[in-house]
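Peer 1: Just dropping this structure here.
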Amino acid sequence: MILSPSLLSANFAELGRELQDLEKAGLGWLHLDVMDGAFVPNITFGPPLIKSLRGQSGLFFDVHLMIEEPARYIEAFVAAGSDLLVVHAEADRHLQRTLSAIRAHHVKAGLAFNPGTDLGMLRWLAQDLDLVLIMSVNPGFSGQQFIPASVEKIRACRALLDSLDCSQVVIEVDGGACPENAAELVQAGADLLVSGSAFFAYPPYATRLAAFQTACTGLGRHSPAETWKPRKQ
Ligand code: DX5
Ligand code: ZN
């Protein structure tokens, strides 16, 4: 299991120090939630903030685009230093083209599904992506309650990817993850867990990371994501 802490729950007045603390605590990933106030009812940040953090961090930048028509901004988010760009299945009418465009920049491509969105299109897109993000809350805010049906959806996603000969595709789960449900999520097939409120509210970060890891000891697989490294800038 890889833990990707969501920047949304960090102290925004001290972002540089927060990122240093994460690296010192042994975290390798950072989940960056980009919201446009249209796809979701909240506005966060865009490429300039990511670019300035990139300059001071060696973390793998996992960028979750909760924006309408994300294809318009791929180049900007690549230039800002993203290592993985995740677009929403509900936000783009030309997903195959968008996912291919992301990969053409040598950035990992991910596809996110809202809780109410069926995974069926993976049959046609699994070859074009590196990661599937299962939303286990409705996107927009951190600190929401985990939707229990997500566990079955993770299991169905893993089974579908395996049946398509796409076992290398990584499954990320986002929303309401905590040490108490981490084992169930990993057993269902999650490679990567995003955590915002259940991570940042419980310093020190090394101890909190250990709580997630201990919960998942001996569970899950060696994920292809363990070999993913931040791009050279
Ligand atoms: C929700 C975001 C999540 C969120 C996770 O729209 O995509 O990444 O920050 O926060 P928690 O872990 O508190 O649900
Ligand atoms: Zn997210």
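In the structure tokens, the first chain shown is A, the next is B, and so on; residue numbers restart at 1 for each chain, and ligands run from 1 in the order shown.
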So which residues are near ligand 2, meaning at most 10 Å away with only C-alpha atoms and all ligand atoms counted, given back as a PyMOL selection string?

Peer 2: chain A and resi 4-8+31-35+62-66+86+112+133-137+139-142+172-175+194-196

Peer 1: So that I can check the surroundings of region 46-54 of chain A, please list as a PyMOL selection string every protein, DNA and RNA residue that reaches within 8 Å of it, counting only C-alpha atoms and ignoring chain neighbours fewer than 2 positions away.

Peer 2: chain A and resi 15-16+34+44+56-58+76-77+79-82

Peer 1: Pull the helix (DSSP H, G or I) assignments for region 26-165 of chain A out of DSSP run on the backbone, and list those residues as a compact mmCIF listing (two decimals) with C-alpha atoms, in the first residue's frame.

Peer 2:
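Output below, filename part-v4.txt:
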```
# COMPACT_ATOMS: atom_id res chain seq x y z
CA PRO A 47 -0.55 25.16 -12.04
CA PRO A 48 1.31 28.12 -10.43
CA LEU A 49 1.03 26.69 -6.93
CA ILE A 50 2.06 23.22 -8.13
CA LYS A 51 5.03 24.72 -9.93
CA SER A 52 6.26 26.55 -6.87
CA LEU A 53 5.95 23.42 -4.71
CA ARG A 54 7.71 21.36 -7.40
CA PRO A 70 -9.35 18.97 -18.43
CA ALA A 71 -7.77 18.51 -21.87
CA ARG A 72 -7.51 22.32 -22.09
CA TYR A 73 -4.98 22.38 -19.25
CA ILE A 74 -2.83 19.28 -19.74
CA GLU A 75 0.19 21.17 -20.99
CA ALA A 76 0.02 23.65 -18.13
CA PHE A 77 -0.16 20.90 -15.51
CA VAL A 78 2.67 18.95 -17.17
CA ALA A 79 4.83 22.08 -17.26
CA LEU A 95 -11.31 10.56 -22.79
CA GLN A 96 -9.23 8.34 -25.05
CA ARG A 97 -7.70 11.38 -26.68
CA THR A 98 -7.09 13.11 -23.36
CA LEU A 99 -5.47 10.08 -21.73
CA SER A 100 -3.23 9.54 -24.77
CA ALA A 101 -2.25 13.21 -24.74
CA ILE A 102 -1.17 12.93 -21.10
CA ARG A 103 0.95 9.88 -21.83
CA ALA A 104 2.52 11.57 -24.84
CA LEU A 122 -12.75 0.73 -18.75
CA ARG A 123 -13.32 -2.05 -21.24
CA TRP A 124 -12.48 0.46 -23.97
CA LEU A 125 -9.92 2.59 -22.13
CA ALA A 126 -7.87 0.26 -19.92
CA GLN A 127 -5.04 0.11 -22.47
CA ASP A 128 -4.78 3.90 -22.44
CA SER A 150 -16.96 1.77 -2.66
CA VAL A 151 -15.44 -1.45 -1.32
CA GLU A 152 -17.44 -3.56 -3.75
CA LYS A 153 -16.58 -1.11 -6.54
CA ILE A 154 -12.85 -1.50 -5.88
CA ARG A 155 -13.26 -5.28 -6.02
CA ALA A 156 -15.20 -5.04 -9.28
CA CYS A 157 -12.57 -2.71 -10.73
CA ARG A 158 -9.72 -5.08 -9.90
CA ALA A 159 -11.63 -8.03 -11.39
CA LEU A 160 -12.44 -6.08 -14.55
CA LEU A 161 -8.85 -4.94 -15.05
CA ASP A 162 -7.56 -8.48 -14.51
CA SER A 163 -10.10 -9.87 -16.99
```

Peer 1: By how many Å are CA of Leu27 (chain A) and CA of Phe45 (chain A) apart?

Peer 2: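 Value for the CA of Leu27 (chain A)-CA of Phe45 (chain A) distance: 22.0 Å.
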
Peer 1: With distances taken over only C-alpha atoms and all ligand atoms, which of A:Cys178, A:Leu129, A:Leu59, A:Leu185 is nearest to ligand 1?

Peer 2: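 Looking only at the distances to ligand 1, the closest residue turns out to be A:Cys178.
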
Peer 1: Rounded to one decimal place, report the CA of Asp130 (chain A)-CA of Leu30 (chain A) distance in Å.

Peer 2: 17.1 Å

Peer 1: Among region 168-233 of chain A, which residues carry a DSSP assignment of strand (DSSP E), reported as a ChimeraX atom specification?

Peer 2: /A:170-174,192-195

Peer 1: Any chance you can output those residues with N, CA and C atoms as a PDB file, in the first residue's frame?

Peer 2:
```
ATOM      1  N   VAL A 170      -3.002   0.537 -11.902  1.00  0.00           N
ATOM      2  CA  VAL A 170      -3.000   0.774 -10.461  1.00  0.00           C
ATOM      3  C   VAL A 170      -4.368   1.298 -10.026  1.00  0.00           C
ATOM      4  N   ILE A 171      -4.832   0.878  -8.861  1.00  0.00           N
ATOM      5  CA  ILE A 171      -6.098   1.396  -8.316  1.00  0.00           C
ATOM      6  C   ILE A 171      -5.808   2.298  -7.109  1.00  0.00           C
ATOM      7  N   GLU A 172      -6.314   3.524  -7.219  1.00  0.00           N
ATOM      8  CA  GLU A 172      -6.186   4.514  -6.141  1.00  0.00           C
ATOM      9  C   GLU A 172      -7.583   4.763  -5.579  1.00  0.00           C
ATOM     10  N   VAL A 173      -7.680   4.905  -4.271  1.00  0.00           N
ATOM     11  CA  VAL A 173      -8.968   5.161  -3.627  1.00  0.00           C
ATOM     12  C   VAL A 173      -8.879   6.490  -2.888  1.00  0.00           C
ATOM     13  N   ASP A 174      -9.900   7.339  -3.093  1.00  0.00           N
ATOM     14  CA  ASP A 174      -9.833   8.715  -2.597  1.00  0.00           C
ATOM     15  C   ASP A 174     -11.126   9.099  -1.885  1.00  0.00           C
ATOM     16  N   LEU A 192      -3.219   2.150  -3.765  1.00  0.00           N
ATOM     17  CA  LEU A 192      -2.866   3.485  -3.278  1.00  0.00           C
ATOM     18  C   LEU A 192      -4.040   4.060  -2.512  1.00  0.00           C
ATOM     19  N   LEU A 193      -3.781   4.613  -1.356  1.00  0.00           N
ATOM     20  CA  LEU A 193      -4.837   5.281  -0.595  1.00  0.00           C
ATOM     21  C   LEU A 193      -4.508   6.755  -0.480  1.00  0.00           C
ATOM     22  N   VAL A 194      -5.488   7.597  -0.786  1.00  0.00           N
ATOM     23  CA  VAL A 194      -5.356   9.034  -0.539  1.00  0.00           C
ATOM     24  C   VAL A 194      -5.891   9.275   0.865  1.00  0.00           C
ATOM     25  N   SER A 195      -5.219  10.145   1.618  1.00  0.00           N
ATOM     26  CA  SER A 195      -5.811  10.540   2.895  1.00  0.00           C
ATOM     27  C   SER A 195      -5.553  12.016   3.163  1.00  0.00           C
TER      28      SER A 195
END
```

Peer 1: Tell me which protein, DNA and RNA residues are within 9 Å of Ala182 (chain A), counting only C-alpha atoms, leaving out same-chain ones fewer than 5 positions away, and put them as JSON, numbers by chain.

Peer 2: {"A": [1, 177, 187, 193, 212, 213, 215, 216]}

Peer 1: Can you work out which one of A:Gly37, A:Pro148, A:Gly176, A:Gly55 has the shortest atom-to-atom distance to ligand 1, counting only C-alpha atoms and all ligand atoms?

Peer 2: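 Checking each of A:Gly37, A:Pro148, A:Gly176, A:Gly55 against ligand 1, counting only C-alpha atoms and all ligand atoms, the winner is A:Gly176.
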
Peer 1: Between CA of Ile67 (chain A) and CA of Ile147 (chain A), what is the distance in Å, rounded to a tenth?

Peer 2: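 Distance between the two atoms: 22.0 Å.
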
Peer 1: Taking into account only C-alpha atoms, which residue in the set A:Phe200, A:Leu85, A:Thr227, A:Glu14 is nearest to Leu111 (chain A)?

Peer 2: A:Leu85

Peer 1: Identify which of the residues A:Ala109, A:Ala225, A:Ala211, A:Val186 lies closest to Ala198 (chain A), counting only C-alpha atoms when measuring atom-to-atom distances.

Peer 2: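 Comparing A:Ala109, A:Ala225, A:Ala211, A:Val186 against Ala198 (chain A), the winner is A:Ala211.
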
Peer 1: When you look at Leu209 (chain A) with a cut-off of 9 Å (counting only C-alpha atoms), what residues show up, excluding the ones that are within fewer than 6 positions of it in the same chain? I need them as a ChimeraX atom specification.

Peer 2: /A:3,25-27,199

Peer 1: Out of A:Gly116, A:Asn138, A:His88, A:Leu19, which residue has the shortest atom-to-atom distance to ligand 1 when counting only C-alpha atoms and all ligand atoms?

Peer 2: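 For ligand 1, the nearest of the candidates is A:Asn138.
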
Peer 1: Name all residues at most 10 Å from Glu226 (chain A) (count only C-alpha atoms; drop same-chain ones fewer than 2 positions away) and give them as a list in words.

Peer 2: Met1, Ile2, Gly28, Asp191, Leu192, His222, Ser223, Pro224, Trp228 and Lys229 of chain A

Peer 1: Put those residues in a file: all heavy atoms, as a PDB file, in the first residue's frame.

Peer 2:
```pdb
ATOM      1  N   MET A   1       0.845  -1.198   0.000  1.00  0.00           N
ATOM      2  CA  MET A   1       0.000   0.000   0.000  1.00  0.00           C
ATOM      3  C   MET A   1       0.883   1.252   0.000  1.00  0.00           C
ATOM      4  O   MET A   1       1.823   1.355   0.771  1.00  0.00           O
ATOM      5  CB  MET A   1      -0.879  -0.033   1.260  1.00  0.00           C
ATOM      6  CG  MET A   1      -1.913   1.046   1.367  1.00  0.00           C
ATOM      7  SD  MET A   1      -1.323   2.600   2.070  1.00  0.00           S
ATOM      8  CE  MET A   1      -0.747   2.102   3.680  1.00  0.00           C
ATOM      9  N   ILE A   2       0.528   2.164  -0.887  1.00  0.00           N
ATOM     10  CA  ILE A   2       1.196   3.471  -0.894  1.00  0.00           C
ATOM     11  C   ILE A   2       0.195   4.491  -0.374  1.00  0.00           C
ATOM     12  O   ILE A   2      -0.974   4.467  -0.765  1.00  0.00           O
ATOM     13  CB  ILE A   2       1.637   3.863  -2.321  1.00  0.00           C
ATOM     14  CG1 ILE A   2       2.669   2.860  -2.856  1.00  0.00           C
ATOM     15  CG2 ILE A   2       2.194   5.280  -2.352  1.00  0.00           C
ATOM     16  CD1 ILE A   2       3.028   3.089  -4.309  1.00  0.00           C
ATOM     17  N   GLY A  28       6.354   9.302   0.111  1.00  0.00           N
ATOM     18  CA  GLY A  28       6.937   9.439  -1.225  1.00  0.00           C
ATOM     19  C   GLY A  28       6.022  10.150  -2.206  1.00  0.00           C
ATOM     20  O   GLY A  28       6.447  10.570  -3.266  1.00  0.00           O
ATOM     21  N   ASP A 191      -4.285  -0.213  -4.501  1.00  0.00           N
ATOM     22  CA  ASP A 191      -2.822  -0.127  -4.403  1.00  0.00           C
ATOM     23  C   ASP A 191      -2.408   1.118  -3.618  1.00  0.00           C
ATOM     24  O   ASP A 191      -1.361   1.151  -2.986  1.00  0.00           O
ATOM     25  CB  ASP A 191      -2.203   0.008  -5.801  1.00  0.00           C
ATOM     26  CG  ASP A 191      -2.439  -1.193  -6.686  1.00  0.00           C
ATOM     27  OD1 ASP A 191      -1.854  -2.250  -6.411  1.00  0.00           O
ATOM     28  OD2 ASP A 191      -3.216  -1.069  -7.657  1.00  0.00           O
ATOM     29  N   LEU A 192      -3.219   2.150  -3.765  1.00  0.00           N
ATOM     30  CA  LEU A 192      -2.866   3.485  -3.278  1.00  0.00           C
ATOM     31  C   LEU A 192      -4.040   4.060  -2.512  1.00  0.00           C
ATOM     32  O   LEU A 192      -5.171   4.028  -3.004  1.00  0.00           O
ATOM     33  CB  LEU A 192      -2.732   4.384  -4.503  1.00  0.00           C
ATOM     34  CG  LEU A 192      -1.394   4.769  -5.054  1.00  0.00           C
ATOM     35  CD1 LEU A 192      -1.602   5.293  -6.462  1.00  0.00           C
ATOM     36  CD2 LEU A 192      -0.753   5.841  -4.217  1.00  0.00           C
ATOM     37  N   HIS A 222       2.577  -6.274  -4.579  1.00  0.00           N
ATOM     38  CA  HIS A 222       3.636  -5.343  -4.971  1.00  0.00           C
ATOM     39  C   HIS A 222       3.080  -4.549  -6.140  1.00  0.00           C
ATOM     40  O   HIS A 222       2.906  -5.090  -7.231  1.00  0.00           O
ATOM     41  CB  HIS A 222       4.905  -6.094  -5.390  1.00  0.00           C
ATOM     42  CG  HIS A 222       5.700  -6.547  -4.204  1.00  0.00           C
ATOM     43  ND1 HIS A 222       6.314  -5.670  -3.352  1.00  0.00           N
ATOM     44  CD2 HIS A 222       5.963  -7.782  -3.732  1.00  0.00           C
ATOM     45  CE1 HIS A 222       6.917  -6.340  -2.387  1.00  0.00           C
ATOM     46  NE2 HIS A 222       6.718  -7.628  -2.593  1.00  0.00           N
ATOM     47  N   SER A 223       2.789  -3.293  -5.907  1.00  0.00           N
ATOM     48  CA  SER A 223       2.109  -2.513  -6.936  1.00  0.00           C
ATOM     49  C   SER A 223       3.101  -1.940  -7.941  1.00  0.00           C
ATOM     50  O   SER A 223       4.189  -1.508  -7.570  1.00  0.00           O
ATOM     51  CB  SER A 223       1.368  -1.355  -6.271  1.00  0.00           C
ATOM     52  OG  SER A 223       0.917  -0.466  -7.248  1.00  0.00           O
ATOM     53  N   PRO A 224       2.705  -1.916  -9.213  1.00  0.00           N
ATOM     54  CA  PRO A 224       3.557  -1.251 -10.218  1.00  0.00           C
ATOM     55  C   PRO A 224       3.876   0.190  -9.818  1.00  0.00           C
ATOM     56  O   PRO A 224       4.924   0.718 -10.181  1.00  0.00           O
ATOM     57  CB  PRO A 224       2.695  -1.278 -11.486  1.00  0.00           C
ATOM     58  CG  PRO A 224       1.747  -2.410 -11.284  1.00  0.00           C
ATOM     59  CD  PRO A 224       1.498  -2.503  -9.804  1.00  0.00           C
ATOM     60  N   TRP A 228       7.178   3.851  -9.764  1.00  0.00           N
ATOM     61  CA  TRP A 228       7.000   5.164 -10.387  1.00  0.00           C
ATOM     62  C   TRP A 228       7.819   6.208  -9.625  1.00  0.00           C
ATOM     63  O   TRP A 228       7.768   6.273  -8.407  1.00  0.00           O
ATOM     64  CB  TRP A 228       5.530   5.580 -10.369  1.00  0.00           C
ATOM     65  CG  TRP A 228       4.632   4.703 -11.187  1.00  0.00           C
ATOM     66  CD1 TRP A 228       4.983   3.595 -11.920  1.00  0.00           C
ATOM     67  CD2 TRP A 228       3.209   4.839 -11.338  1.00  0.00           C
ATOM     68  NE1 TRP A 228       3.872   3.046 -12.518  1.00  0.00           N
ATOM     69  CE2 TRP A 228       2.765   3.796 -12.177  1.00  0.00           C
ATOM     70  CE3 TRP A 228       2.264   5.733 -10.850  1.00  0.00           C
ATOM     71  CZ2 TRP A 228       1.432   3.621 -12.534  1.00  0.00           C
ATOM     72  CZ3 TRP A 228       0.935   5.573 -11.191  1.00  0.00           C
ATOM     73  CH2 TRP A 228       0.522   4.533 -12.031  1.00  0.00           C
ATOM     74  N   LYS A 229       8.533   6.998 -10.361  1.00  0.00           N
ATOM     75  CA  LYS A 229       9.398   8.016  -9.748  1.00  0.00           C
ATOM     76  C   LYS A 229       9.031   9.391 -10.295  1.00  0.00           C
ATOM     77  O   LYS A 229       8.586   9.508 -11.439  1.00  0.00           O
ATOM     78  CB  LYS A 229      10.872   7.737 -10.098  1.00  0.00           C
ATOM     79  CG  LYS A 229      11.386   6.400  -9.554  1.00  0.00           C
ATOM     80  CD  LYS A 229      11.710   6.509  -8.056  1.00  0.00           C
ATOM     81  CE  LYS A 229      12.027   5.166  -7.432  1.00  0.00           C
ATOM     82  NZ  LYS A 229      10.911   4.465  -6.820  1.00  0.00           N
TER      83      LYS A 229
END
```
